[in-house]
>>> print(open('my_file_35.txt').read())   # compact mmCIF, C-alpha atoms
# COMPACT_ATOMS: atom_id res chain seq x y z
CA MET Y 1 -35.74 -58.47 -128.39
CA ALA Y 2 -39.20 -59.81 -129.09
CA GLU Y 3 -39.85 -57.92 -132.34
CA PRO Y 4 -36.99 -59.04 -134.60
CA THR Y 5 -37.70 -62.72 -133.93
CA GLU Y 6 -40.97 -62.32 -135.85
CA GLY Y 7 -39.19 -61.60 -139.15
CA GLY Y 8 -37.87 -64.78 -140.71
CA GLY Y 9 -38.43 -66.95 -137.65
CA LEU Y 10 -34.76 -66.75 -136.67
CA SER Y 11 -33.69 -66.24 -133.09
CA PHE Y 12 -31.72 -63.05 -132.41
CA ASP Y 13 -30.94 -63.28 -128.74
CA PRO Y 14 -28.00 -60.85 -128.53
CA MET Y 15 -26.45 -62.70 -125.58
CA ALA Y 16 -26.61 -66.18 -127.14
CA GLN Y 17 -23.25 -65.65 -128.86
CA PHE Y 18 -21.46 -65.63 -125.49
CA GLU Y 19 -22.62 -69.12 -124.54
CA VAL Y 20 -19.75 -71.54 -123.88
CA LYS Y 21 -20.51 -74.81 -125.67
CA PRO Y 22 -18.54 -78.05 -126.05
CA LEU Y 23 -16.98 -78.29 -129.51
CA PHE Y 24 -17.45 -82.03 -129.94
CA GLY Y 25 -20.81 -83.53 -129.02
CA GLY Y 26 -23.09 -82.18 -126.34
CA GLY Y 27 -23.14 -82.72 -122.63
CA ASP Y 28 -21.98 -80.62 -119.72
CA VAL Y 29 -18.94 -78.36 -119.69
CA ALA Y 30 -16.31 -79.66 -117.27
CA TRP Y 31 -12.87 -78.18 -116.71
CA TYR Y 32 -11.29 -80.49 -119.30
CA THR Y 33 -14.01 -80.07 -121.99
CA ILE Y 34 -12.78 -78.53 -125.24
CA THR Y 35 -15.21 -75.66 -125.82
CA ASN Y 36 -15.56 -72.94 -128.43
CA SER Y 37 -13.82 -70.67 -125.92
CA THR Y 38 -10.84 -73.05 -125.81
CA LEU Y 39 -10.67 -73.08 -129.61
CA TRP Y 40 -10.55 -69.29 -129.98
CA LEU Y 41 -8.08 -68.89 -127.11
CA ALA Y 42 -5.83 -71.41 -128.86
CA LEU Y 43 -6.23 -69.56 -132.16
CA ALA Y 44 -5.21 -66.31 -130.44
CA ILE Y 45 -2.05 -68.00 -129.15
CA ALA Y 46 -1.39 -69.45 -132.62
CA ALA Y 47 -1.75 -65.95 -134.12
CA VAL Y 48 0.71 -64.49 -131.61
CA ALA Y 49 3.16 -67.31 -132.36
CA ALA Y 50 2.72 -66.78 -136.10
CA LEU Y 51 3.49 -63.07 -135.77
CA MET Y 52 6.37 -63.21 -133.33
CA LEU Y 53 8.07 -66.55 -134.10
CA MET Y 54 7.52 -67.34 -137.78
CA THR Y 55 8.36 -63.85 -139.07
CA THR Y 56 11.54 -63.43 -137.02
CA THR Y 57 13.25 -66.80 -137.65
CA LYS Y 58 15.38 -65.33 -140.46
CA ARG Y 59 16.50 -62.35 -138.36
CA ALA Y 60 17.08 -60.28 -141.50
CA ILE Y 61 19.07 -57.07 -141.13
CA VAL Y 62 16.67 -55.45 -143.58
CA PRO Y 63 13.33 -56.70 -142.23
CA GLY Y 64 10.62 -58.05 -144.50
CA ARG Y 65 6.93 -57.26 -144.15
CA GLY Y 66 6.22 -59.69 -141.32
CA GLN Y 67 9.38 -58.88 -139.41
CA SER Y 68 8.68 -55.13 -139.68
CA ILE Y 69 5.28 -55.61 -138.04
CA ALA Y 70 6.77 -57.79 -135.30
CA GLU Y 71 9.52 -55.21 -134.64
CA LEU Y 72 6.98 -52.39 -134.64
CA VAL Y 73 4.84 -54.12 -131.99
CA TYR Y 74 7.89 -55.03 -129.94
CA GLY Y 75 9.18 -51.46 -130.01
CA PHE Y 76 5.78 -49.99 -129.20
CA VAL Y 77 5.27 -52.13 -126.11
CA TYR Y 78 8.92 -51.75 -125.05
CA LYS Y 79 8.61 -47.95 -125.12
CA MET Y 80 5.30 -48.09 -123.23
CA VAL Y 81 6.81 -50.21 -120.43
CA GLU Y 82 9.89 -47.99 -120.26
CA ASP Y 83 7.85 -44.75 -120.15
CA VAL Y 84 5.21 -45.85 -117.66
CA ALA Y 85 6.86 -48.45 -115.41
CA GLY Y 86 10.38 -47.03 -115.56
CA LYS Y 87 13.73 -48.62 -116.41
CA ASP Y 88 13.53 -51.26 -113.68
CA GLY Y 89 10.08 -52.27 -114.91
CA LEU Y 90 11.67 -53.59 -118.11
CA LYS Y 91 12.30 -56.93 -116.36
CA PHE Y 92 8.57 -57.49 -116.70
CA PHE Y 93 8.46 -56.55 -120.38
CA PRO Y 94 8.03 -60.20 -121.55
CA TYR Y 95 5.00 -60.57 -119.30
CA ILE Y 96 3.39 -57.35 -120.48
CA ILE Y 97 3.96 -57.97 -124.19
CA THR Y 98 2.50 -61.46 -123.74
CA LEU Y 99 -0.62 -60.02 -122.14
CA PHE Y 100 -0.90 -57.27 -124.76
CA LEU Y 101 -0.50 -59.52 -127.80
CA PHE Y 102 -2.76 -62.24 -126.40
CA ILE Y 103 -5.61 -59.83 -125.63
CA PHE Y 104 -5.05 -57.97 -128.91
CA PHE Y 105 -5.39 -61.10 -131.02
CA ALA Y 106 -8.20 -62.58 -128.92
CA ASN Y 107 -10.13 -59.31 -129.44
CA TYR Y 108 -9.47 -59.10 -133.17
CA LEU Y 109 -10.15 -62.77 -133.92
CA ALA Y 110 -13.47 -62.34 -132.11
CA LEU Y 111 -14.48 -59.77 -134.74
CA ILE Y 112 -14.53 -62.45 -137.45
CA PRO Y 113 -18.21 -63.21 -138.12
CA LEU Y 114 -19.48 -66.41 -136.46
CA SER Y 115 -16.42 -66.55 -134.20
CA PHE Y 116 -16.50 -66.64 -130.41
CA SER Y 117 -15.08 -63.85 -128.26
CA PRO Y 118 -13.10 -65.44 -125.39
CA THR Y 119 -12.31 -62.04 -123.84
CA SER Y 120 -16.06 -61.52 -123.25
CA GLN Y 121 -15.87 -64.25 -120.59
CA ILE Y 122 -15.17 -62.83 -117.14
CA ALA Y 123 -13.54 -66.19 -116.29
CA VAL Y 124 -10.87 -65.49 -118.93
CA THR Y 125 -10.24 -61.85 -118.07
CA ALA Y 126 -10.42 -62.41 -114.30
CA VAL Y 127 -7.61 -64.97 -114.48
CA MET Y 128 -5.44 -62.38 -116.24
CA GLY Y 129 -6.54 -59.57 -113.93
CA PHE Y 130 -5.86 -61.52 -110.73
CA ALA Y 131 -2.58 -62.87 -112.13
CA VAL Y 132 -1.45 -59.26 -112.59
CA PHE Y 133 -2.72 -58.33 -109.13
CA PHE Y 134 -0.88 -61.14 -107.34
CA THR Y 135 2.29 -60.72 -109.42
CA VAL Y 136 2.40 -57.01 -108.66
CA THR Y 137 1.67 -57.47 -104.95
CA ILE Y 138 4.30 -60.20 -104.54
CA VAL Y 139 6.87 -58.18 -106.50
CA GLY Y 140 6.12 -55.14 -104.35
CA ILE Y 141 6.52 -57.04 -101.08
CA VAL Y 142 9.66 -58.89 -102.21
CA ARG Y 143 11.33 -55.75 -103.57
CA ASN Y 144 10.35 -53.30 -100.82
CA GLY Y 145 9.42 -55.43 -97.80
CA THR Y 146 7.27 -53.55 -95.30
CA ASP Y 147 8.14 -50.36 -97.18
CA PHE Y 148 5.51 -51.51 -99.68
CA LEU Y 149 2.83 -50.46 -97.17
CA SER Y 150 3.81 -46.81 -97.67
CA LEU Y 151 1.80 -47.12 -100.88
CA PHE Y 152 -1.28 -46.81 -98.65
CA TRP Y 153 0.15 -44.11 -96.36
CA VAL Y 154 -0.15 -40.83 -98.25
CA SER Y 155 2.70 -38.85 -96.73
CA SER Y 156 1.82 -35.68 -98.67
CA ALA Y 157 -1.58 -35.40 -96.93
CA PRO Y 158 -2.13 -33.75 -93.51
CA LEU Y 159 -1.60 -36.20 -90.64
CA PRO Y 160 -5.22 -36.43 -89.36
CA LEU Y 161 -6.41 -37.30 -92.87
CA ARG Y 162 -3.90 -40.09 -93.43
CA PRO Y 163 -5.73 -42.98 -91.67
CA ILE Y 164 -8.92 -42.22 -93.63
CA LEU Y 165 -6.96 -42.00 -96.86
CA ALA Y 166 -5.23 -45.27 -95.97
CA VAL Y 167 -8.61 -47.03 -95.80
CA ILE Y 168 -9.62 -45.57 -99.17
CA GLU Y 169 -6.26 -46.50 -100.69
CA VAL Y 170 -6.53 -50.10 -99.46
CA ILE Y 171 -10.04 -50.42 -100.90
CA SER Y 172 -8.99 -48.93 -104.22
CA TYR Y 173 -6.03 -51.31 -104.28
CA MET Y 174 -8.24 -54.33 -103.62
CA VAL Y 175 -10.79 -53.53 -106.35
CA ARG Y 176 -8.05 -53.14 -108.97
CA PRO Y 177 -8.26 -56.73 -110.26
CA VAL Y 178 -12.06 -56.42 -110.52
CA SER Y 179 -12.05 -53.19 -112.54
CA HIS Y 180 -9.06 -54.43 -114.55
CA SER Y 181 -10.83 -57.57 -115.72
CA VAL Y 182 -14.45 -56.35 -115.90
CA ARG Y 183 -13.39 -53.40 -118.08
CA LEU Y 184 -12.12 -55.73 -120.81
CA ALA Y 185 -14.97 -58.25 -120.56
CA GLY Y 186 -17.59 -55.48 -120.33
CA ALA Y 187 -16.34 -53.54 -123.33
CA ILE Y 188 -16.14 -56.61 -125.55
CA THR Y 189 -19.48 -58.05 -124.38
CA ALA Y 190 -21.30 -54.74 -124.83
CA GLY Y 191 -19.83 -54.15 -128.29
CA HIS Y 192 -20.68 -57.59 -129.61
CA ALA Y 193 -24.19 -57.47 -128.11
CA VAL Y 194 -24.83 -54.10 -129.82
CA MET Y 195 -23.73 -55.59 -133.16
CA LYS Y 196 -26.17 -58.47 -132.65
CA VAL Y 197 -29.00 -56.07 -131.78
CA PHE Y 198 -28.39 -54.18 -135.04
CA ALA Y 199 -28.30 -57.53 -136.86
CA GLY Y 200 -31.71 -58.22 -135.34
CA PHE Y 201 -33.06 -54.92 -136.68
CA ALA Y 202 -31.74 -55.81 -140.14
CA ALA Y 203 -34.41 -58.54 -140.30
CA ILE Y 204 -37.16 -55.87 -140.35
CA GLY Y 205 -37.52 -54.87 -144.02
CA ALA Y 206 -38.28 -51.14 -143.65
CA ILE Y 207 -35.30 -50.22 -141.45
CA ALA Y 208 -32.86 -52.80 -142.85
CA PRO Y 209 -30.65 -50.30 -144.81
CA PHE Y 210 -30.19 -48.12 -141.72
CA ALA Y 211 -29.52 -51.16 -139.55
CA ILE Y 212 -26.84 -52.40 -141.95
CA LEU Y 213 -25.22 -48.93 -142.07
CA GLY Y 214 -25.33 -48.87 -138.28
CA MET Y 215 -23.68 -52.28 -138.14
CA VAL Y 216 -20.83 -51.11 -140.38
CA ALA Y 217 -20.32 -48.11 -138.11
CA ILE Y 218 -20.44 -50.20 -134.91
CA TYR Y 219 -18.05 -52.72 -136.46
CA ALA Y 220 -15.57 -49.94 -137.20
CA LEU Y 221 -15.92 -48.73 -133.62
CA GLU Y 222 -15.35 -52.26 -132.36
CA MET Y 223 -12.12 -52.49 -134.38
CA LEU Y 224 -10.97 -49.42 -132.45
CA VAL Y 225 -12.20 -50.72 -129.08
CA ALA Y 226 -10.48 -54.10 -129.57
CA GLY Y 227 -7.10 -52.39 -129.94
CA ILE Y 228 -7.67 -49.79 -127.24
CA GLN Y 229 -8.81 -52.33 -124.64
CA ALA Y 230 -5.66 -54.42 -125.19
CA TYR Y 231 -3.59 -51.23 -124.86
CA VAL Y 232 -5.44 -50.13 -121.71
CA PHE Y 233 -5.00 -53.55 -120.10
CA ALA Y 234 -1.26 -53.50 -120.80
CA ILE Y 235 -0.75 -49.89 -119.72
CA LEU Y 236 -2.65 -50.40 -116.45
CA THR Y 237 -0.42 -53.40 -115.74
CA CYS Y 238 2.53 -51.02 -116.19
CA VAL Y 239 0.95 -48.48 -113.81
CA TYR Y 240 0.36 -51.12 -111.14
CA LEU Y 241 3.91 -52.37 -111.61
CA LYS Y 242 5.28 -48.86 -111.16
CA ASP Y 243 3.30 -48.53 -107.90
CA ALA Y 244 4.78 -51.81 -106.65
CA LEU Y 245 8.35 -50.90 -107.61
CA HIS Y 246 8.20 -47.33 -106.26
CA PRO Y 247 5.54 -47.31 -103.52
CA HIS Y 248 6.34 -43.81 -102.19
CA HIS Y 249 3.79 -41.17 -102.96
CA MET S 1 -48.45 -58.43 -114.72
CA GLU S 2 -46.79 -61.05 -112.59
CA GLY S 3 -43.76 -61.32 -110.31
CA SER S 4 -43.03 -60.02 -106.86
CA ILE S 5 -42.26 -56.56 -105.52
CA ALA S 6 -38.68 -57.73 -104.84
CA GLU S 7 -38.22 -58.64 -108.49
CA MET S 8 -39.56 -55.27 -109.56
CA GLY S 9 -37.15 -53.55 -107.18
CA GLN S 10 -34.34 -55.57 -108.69
CA PHE S 11 -35.12 -54.34 -112.19
CA ILE S 12 -35.57 -50.75 -111.05
CA GLY S 13 -32.28 -50.96 -109.16
CA ALA S 14 -30.52 -52.31 -112.23
CA GLY S 15 -31.88 -49.42 -114.27
CA VAL S 16 -30.77 -46.86 -111.67
CA ALA S 17 -27.32 -48.47 -111.59
CA GLY S 18 -27.24 -48.01 -115.35
CA LEU S 19 -27.29 -44.24 -114.74
CA GLY S 20 -23.81 -44.63 -113.28
CA ALA S 21 -22.50 -45.79 -116.64
CA GLY S 22 -23.81 -42.61 -118.23
CA LEU S 23 -22.24 -40.45 -115.53
CA ALA S 24 -18.92 -42.22 -116.08
CA ALA S 25 -19.28 -41.32 -119.75
CA LEU S 26 -19.43 -37.65 -118.67
CA GLY S 27 -16.17 -38.17 -116.79
CA VAL S 28 -14.46 -39.85 -119.73
CA GLY S 29 -15.64 -37.10 -122.04
CA ASN S 30 -14.31 -34.51 -119.61
CA VAL S 31 -10.87 -36.16 -119.58
CA ALA S 32 -10.71 -36.49 -123.37
CA GLY S 33 -12.06 -32.96 -123.95
CA ASN S 34 -9.58 -31.37 -121.60
CA PHE S 35 -6.77 -33.35 -123.18
CA LEU S 36 -7.80 -32.09 -126.61
CA ALA S 37 -8.04 -28.51 -125.37
CA GLY S 38 -4.55 -28.75 -123.93
CA ALA S 39 -3.19 -30.60 -126.95
CA LEU S 40 -4.41 -27.90 -129.35
CA ARG S 41 -2.65 -25.21 -127.35
CA ASN S 42 0.63 -27.11 -127.23
CA PRO S 43 0.59 -29.79 -129.94
CA SER S 44 4.28 -30.61 -129.50
CA ALA S 45 3.67 -31.85 -125.93
CA ALA S 46 0.56 -33.85 -126.82
CA ALA S 47 2.20 -37.00 -128.17
CA SER S 48 4.12 -37.62 -124.96
CA GLN S 49 0.93 -37.46 -122.90
CA THR S 50 -1.27 -40.00 -124.72
CA ALA S 51 -0.36 -42.67 -122.15
CA THR S 52 -1.54 -40.35 -119.37
CA LEU S 53 -4.73 -39.74 -121.35
CA PHE S 54 -5.52 -43.44 -121.51
CA ILE S 55 -4.70 -43.99 -117.84
CA GLY S 56 -7.03 -41.11 -116.92
CA ILE S 57 -9.79 -42.47 -119.12
CA ALA S 58 -9.34 -45.95 -117.63
CA PHE S 59 -9.65 -44.66 -114.07
CA ALA S 60 -12.72 -42.56 -114.87
CA GLU S 61 -14.24 -45.52 -116.65
CA ALA S 62 -13.60 -47.92 -113.76
CA LEU S 63 -16.40 -46.38 -111.70
CA GLY S 64 -18.82 -46.73 -114.60
CA ILE S 65 -17.81 -50.38 -114.78
CA PHE S 66 -18.68 -50.82 -111.12
CA SER S 67 -22.21 -49.54 -111.72
CA PHE S 68 -22.46 -51.83 -114.74
CA LEU S 69 -21.33 -54.66 -112.49
CA VAL S 70 -23.99 -53.76 -109.90
CA ALA S 71 -26.60 -53.80 -112.65
CA LEU S 72 -25.42 -57.21 -113.84
CA LEU S 73 -25.43 -58.59 -110.29
CA LEU S 74 -28.96 -57.32 -109.72
CA MET S 75 -30.18 -58.83 -112.97
CA PHE S 76 -28.50 -62.23 -112.85
CA ALA S 77 -26.97 -62.97 -109.44
CA VAL S 78 -29.39 -61.72 -106.76
>>> encode(input="my_file_35.txt", output="structure tokens")
Amino acid sequence: MAEPTEGGGLSFDPMAQFEVKPLFGGGDVAWYTITNSTLWLALAIAAVAALMLMTTTKRAIVPGRGQSIAELVYGFVYKMVEDVAGKDGLKFFPYIITLFLFIFFANYLALIPLSFSPTSQIAVTAVMGFAVFFTVTIVGIVRNGTDFLSLFWVSSAPLPLRPILAVIEVISYMVRPVSHSVRLAGAITAGHAVMKVFAGFAAIGAIAPFAILGMVAIYALEMLVAGIQAYVFAILTCVYLKDALHPHH
Amino acid sequence: MEGSIAEMGQFIGAGVAGLGAGLAALGVGNVAGNFLAGALRNPSAAASQTATLFIGIAFAEALGIFSFLVALLLMFAV
């Protein structure tokens, strides 16, 4: 990104937007420091609360605009959990809708210009990914006991193959939290970096119109990705939950 | 030209790992294309299978993410 910096003297480092900085004053970032990441995480929670609490306080029989949206989201996630995780997965519906709405709003608020995208931080997504992993593993062991291990013993395969498959299954089980969290962080980071790169090109006079058109297109794509990544995170949680509840292949 | 051979290998390795992301894109395209082909033959069954579509895409994509991760590790962590 050496070229765009020459036009206008502004810095266009595409990765600079992901830097976690203290909100008040300078100094180092400790665990208690209020950073820009903290601010946008809090705003995401506020947005979820605004949608789900403020609109449904009246509990109107004929829902208004806000309540219709809240009911639509609730029904959508409820059906997804029921379809993918099964009827006994519905106990975990509050957890999954919390994850879905939180990631959804964190992703969409990050698309506001000059905002910060908390879901681009692996620290944020890894906490959610590992929380799902441990929840699912503990639920599986509590519900099924040692029967949970049959998840790794593919009884439909020929007997000599089963130990090899068991090793592969264990590895693929252990990398789940990694792929689960890096998928979200990677998609958001890559999308926002591409937008910044196009913004850098917009500083070069001759190609500025094309760069701005490209930015509009990438922004539209990012709107799509923000929703889809929240959906994928929630639906994979349902898949993992189904594996834990019904470990038999 | 400055820097060591090891550093050069790191950058080359990161670039080669980037190929994995492109190959995962082939896999994702294969899943989505086959879904569309099936959906056009039997549109009434398509709506009930969108969840399966996304799960399939997510699993195909996971391996691309691993190569992306390897590239990131080579660039910033090694």
>>> interface_residues(input="my_file_35.txt", of="chain S", to="chain Y", cutoff="7 Å", atoms="only C-alpha atoms", output="list of chain:residue names")
S:Phe54, S:Ile55, S:Ala62, S:Ile65
>>> residues_near_point(input="my_file_35.txt", point="(-19.7, -41.3, -116.5)", cutoff="12 Å", atoms="all atoms listed in the file", output="MDAnalysis selection string")
chainID S and resid 17:31 57:68
>>> axis_aligned_box(input="my_file_35.txt", around="segment 238-247 of chain Y", padding_each_side="8 Å", output="lines of an AutoDock Vina configuration file")
center_x = 4.4
center_y = -49.8
center_z = -109.9
size_x = 24.0
size_y = 21.1
size_z = 28.7
>>> residues_around(input="my_file_35.txt", residues="Lys21 of chain Y", least_positions_apart="3", cutoff="8 Å", atoms="only C-alpha atoms", output="list in words")
Gly26, Val29, Thr35, Asn36 and Ser37 of chain Y
>>> atom_distance(input="my_file_35.txt", atom1="atom CA of Tyr74 of chain Y", atom2="atom CA of Ile96 of chain Y")
10.7 Å
>>> closest_residue(input="my_file_35.txt", among="Y:Leu51, Y:Ala206, Y:Tyr173, Y:Leu111", to="Ala220 of chain Y", atoms="only C-alpha atoms")
Y:Leu111
>>> residues_around(input="my_file_35.txt", residues="Ala14 of chain S", least_positions_apart="6", cutoff="10 Å", atoms="all atoms listed in the file", output="PyMOL selection string")
chain S and resi 8+67-75
>>> closest_residue(input="my_file_35.txt", among="Y:Ala244, Y:Leu101, Y:Ala193, Y:Leu23", to="Phe152 of chain Y", atoms="all atoms listed in the file")
Y:Ala244
>>> atom_distance(input="my_file_35.txt", atom1="atom CA of Thr146 of chain Y", atom2="atom CA of Pro177 of chain Y")
21.8 Å
>>> decode(input="my_file_35.txt", residues="segment 44-73 of chain S", atoms="N, CA and C atoms", output="mmCIF file, in the first residue's frame")
data_model
loop_
_atom_site.group_PDB
_atom_site.id
_atom_site.type_symbol
_atom_site.label_atom_id
_atom_site.label_comp_id
_atom_site.auth_asym_id
_atom_site.auth_seq_id
_atom_site.Cartn_x
_atom_site.Cartn_y
_atom_site.Cartn_z
ATOM 1 N N SER S 44 -39.486 -27.106 -5.126
ATOM 2 C CA SER S 44 -40.303 -27.188 -3.913
ATOM 3 C C SER S 44 -39.514 -27.746 -2.737
ATOM 4 N N ALA S 45 -38.442 -28.534 -3.030
ATOM 5 C CA ALA S 45 -37.643 -29.098 -1.939
ATOM 6 C C ALA S 45 -36.489 -28.190 -1.550
ATOM 7 N N ALA S 46 -36.274 -27.116 -2.325
ATOM 8 C CA ALA S 46 -35.064 -26.313 -2.114
ATOM 9 C C ALA S 46 -35.088 -25.562 -0.791
ATOM 10 N N ALA S 47 -36.250 -24.984 -0.451
ATOM 11 C CA ALA S 47 -36.309 -24.118 0.731
ATOM 12 C C ALA S 47 -35.954 -24.873 1.999
ATOM 13 N N SER S 48 -36.320 -26.157 2.049
ATOM 14 C CA SER S 48 -36.059 -26.918 3.271
ATOM 15 C C SER S 48 -34.595 -27.311 3.397
ATOM 16 N N GLN S 49 -33.811 -27.103 2.338
ATOM 17 C CA GLN S 49 -32.415 -27.562 2.359
ATOM 18 C C GLN S 49 -31.405 -26.423 2.468
ATOM 19 N N THR S 50 -31.887 -25.171 2.666
ATOM 20 C CA THR S 50 -30.926 -24.068 2.727
ATOM 21 C C THR S 50 -29.999 -24.200 3.934
ATOM 22 N N ALA S 51 -30.521 -24.744 5.048
ATOM 23 C CA ALA S 51 -29.661 -24.930 6.223
ATOM 24 C C ALA S 51 -28.530 -25.893 5.889
ATOM 25 N N THR S 52 -28.864 -26.989 5.188
ATOM 26 C CA THR S 52 -27.843 -27.955 4.774
ATOM 27 C C THR S 52 -26.820 -27.287 3.862
ATOM 28 N N LEU S 53 -27.312 -26.397 2.978
ATOM 29 C CA LEU S 53 -26.415 -25.681 2.067
ATOM 30 C C LEU S 53 -25.373 -24.896 2.849
ATOM 31 N N PHE S 54 -25.859 -24.158 3.881
ATOM 32 C CA PHE S 54 -24.919 -23.323 4.626
ATOM 33 C C PHE S 54 -23.962 -24.166 5.454
ATOM 34 N N ILE S 55 -24.444 -25.287 5.988
ATOM 35 C CA ILE S 55 -23.546 -26.154 6.753
ATOM 36 C C ILE S 55 -22.461 -26.700 5.835
ATOM 37 N N GLY S 56 -22.872 -27.127 4.618
ATOM 38 C CA GLY S 56 -21.898 -27.652 3.654
ATOM 39 C C GLY S 56 -20.877 -26.615 3.263
ATOM 40 N N ILE S 57 -21.356 -25.384 3.024
ATOM 41 C CA ILE S 57 -20.433 -24.301 2.671
ATOM 42 C C ILE S 57 -19.468 -24.049 3.816
ATOM 43 N N ALA S 58 -20.002 -24.050 5.052
ATOM 44 C CA ALA S 58 -19.154 -23.752 6.210
ATOM 45 C C ALA S 58 -18.056 -24.794 6.364
ATOM 46 N N PHE S 59 -18.398 -26.077 6.127
ATOM 47 C CA PHE S 59 -17.375 -27.108 6.288
ATOM 48 C C PHE S 59 -16.332 -27.027 5.176
ATOM 49 N N ALA S 60 -16.776 -26.730 3.951
ATOM 50 C CA ALA S 60 -15.816 -26.595 2.852
ATOM 51 C C ALA S 60 -14.901 -25.401 3.099
ATOM 52 N N GLU S 61 -15.494 -24.351 3.671
ATOM 53 C CA GLU S 61 -14.754 -23.130 3.892
ATOM 54 C C GLU S 61 -13.743 -23.269 5.020
ATOM 55 N N ALA S 62 -14.028 -24.169 5.980
ATOM 56 C CA ALA S 62 -13.171 -24.302 7.155
ATOM 57 C C ALA S 62 -11.731 -24.602 6.749
ATOM 58 N N LEU S 63 -11.560 -25.438 5.712
ATOM 59 C CA LEU S 63 -10.205 -25.813 5.309
ATOM 60 C C LEU S 63 -9.476 -24.643 4.656
ATOM 61 N N GLY S 64 -10.245 -23.799 3.952
ATOM 62 C CA GLY S 64 -9.642 -22.576 3.427
ATOM 63 C C GLY S 64 -9.193 -21.664 4.553
ATOM 64 N N ILE S 65 -9.986 -21.649 5.634
ATOM 65 C CA ILE S 65 -9.640 -20.817 6.786
ATOM 66 C C ILE S 65 -8.348 -21.305 7.418
ATOM 67 N N PHE S 66 -8.156 -22.632 7.433
ATOM 68 C CA PHE S 66 -6.918 -23.143 8.019
ATOM 69 C C PHE S 66 -5.710 -22.671 7.227
ATOM 70 N N SER S 67 -5.808 -22.657 5.886
ATOM 71 C CA SER S 67 -4.667 -22.196 5.106
ATOM 72 C C SER S 67 -4.450 -20.703 5.314
ATOM 73 N N PHE S 68 -5.552 -19.966 5.454
ATOM 74 C CA PHE S 68 -5.450 -18.540 5.763
ATOM 75 C C PHE S 68 -4.748 -18.344 7.099
ATOM 76 N N LEU S 69 -5.099 -19.215 8.054
ATOM 77 C CA LEU S 69 -4.491 -19.149 9.383
ATOM 78 C C LEU S 69 -2.993 -19.432 9.302
ATOM 79 N N VAL S 70 -2.631 -20.450 8.483
ATOM 80 C CA VAL S 70 -1.207 -20.779 8.315
ATOM 81 C C VAL S 70 -0.469 -19.584 7.727
ATOM 82 N N ALA S 71 -1.103 -18.924 6.735
ATOM 83 C CA ALA S 71 -0.487 -17.751 6.132
ATOM 84 C C ALA S 71 -0.298 -16.653 7.169
ATOM 85 N N LEU S 72 -1.318 -16.425 7.989
ATOM 86 C CA LEU S 72 -1.212 -15.394 9.025
ATOM 87 C C LEU S 72 -0.107 -15.720 10.016
ATOM 88 N N LEU S 73 -0.041 -17.007 10.417
ATOM 89 C CA LEU S 73 0.987 -17.417 11.390
ATOM 90 C C LEU S 73 2.367 -17.194 10.818
#
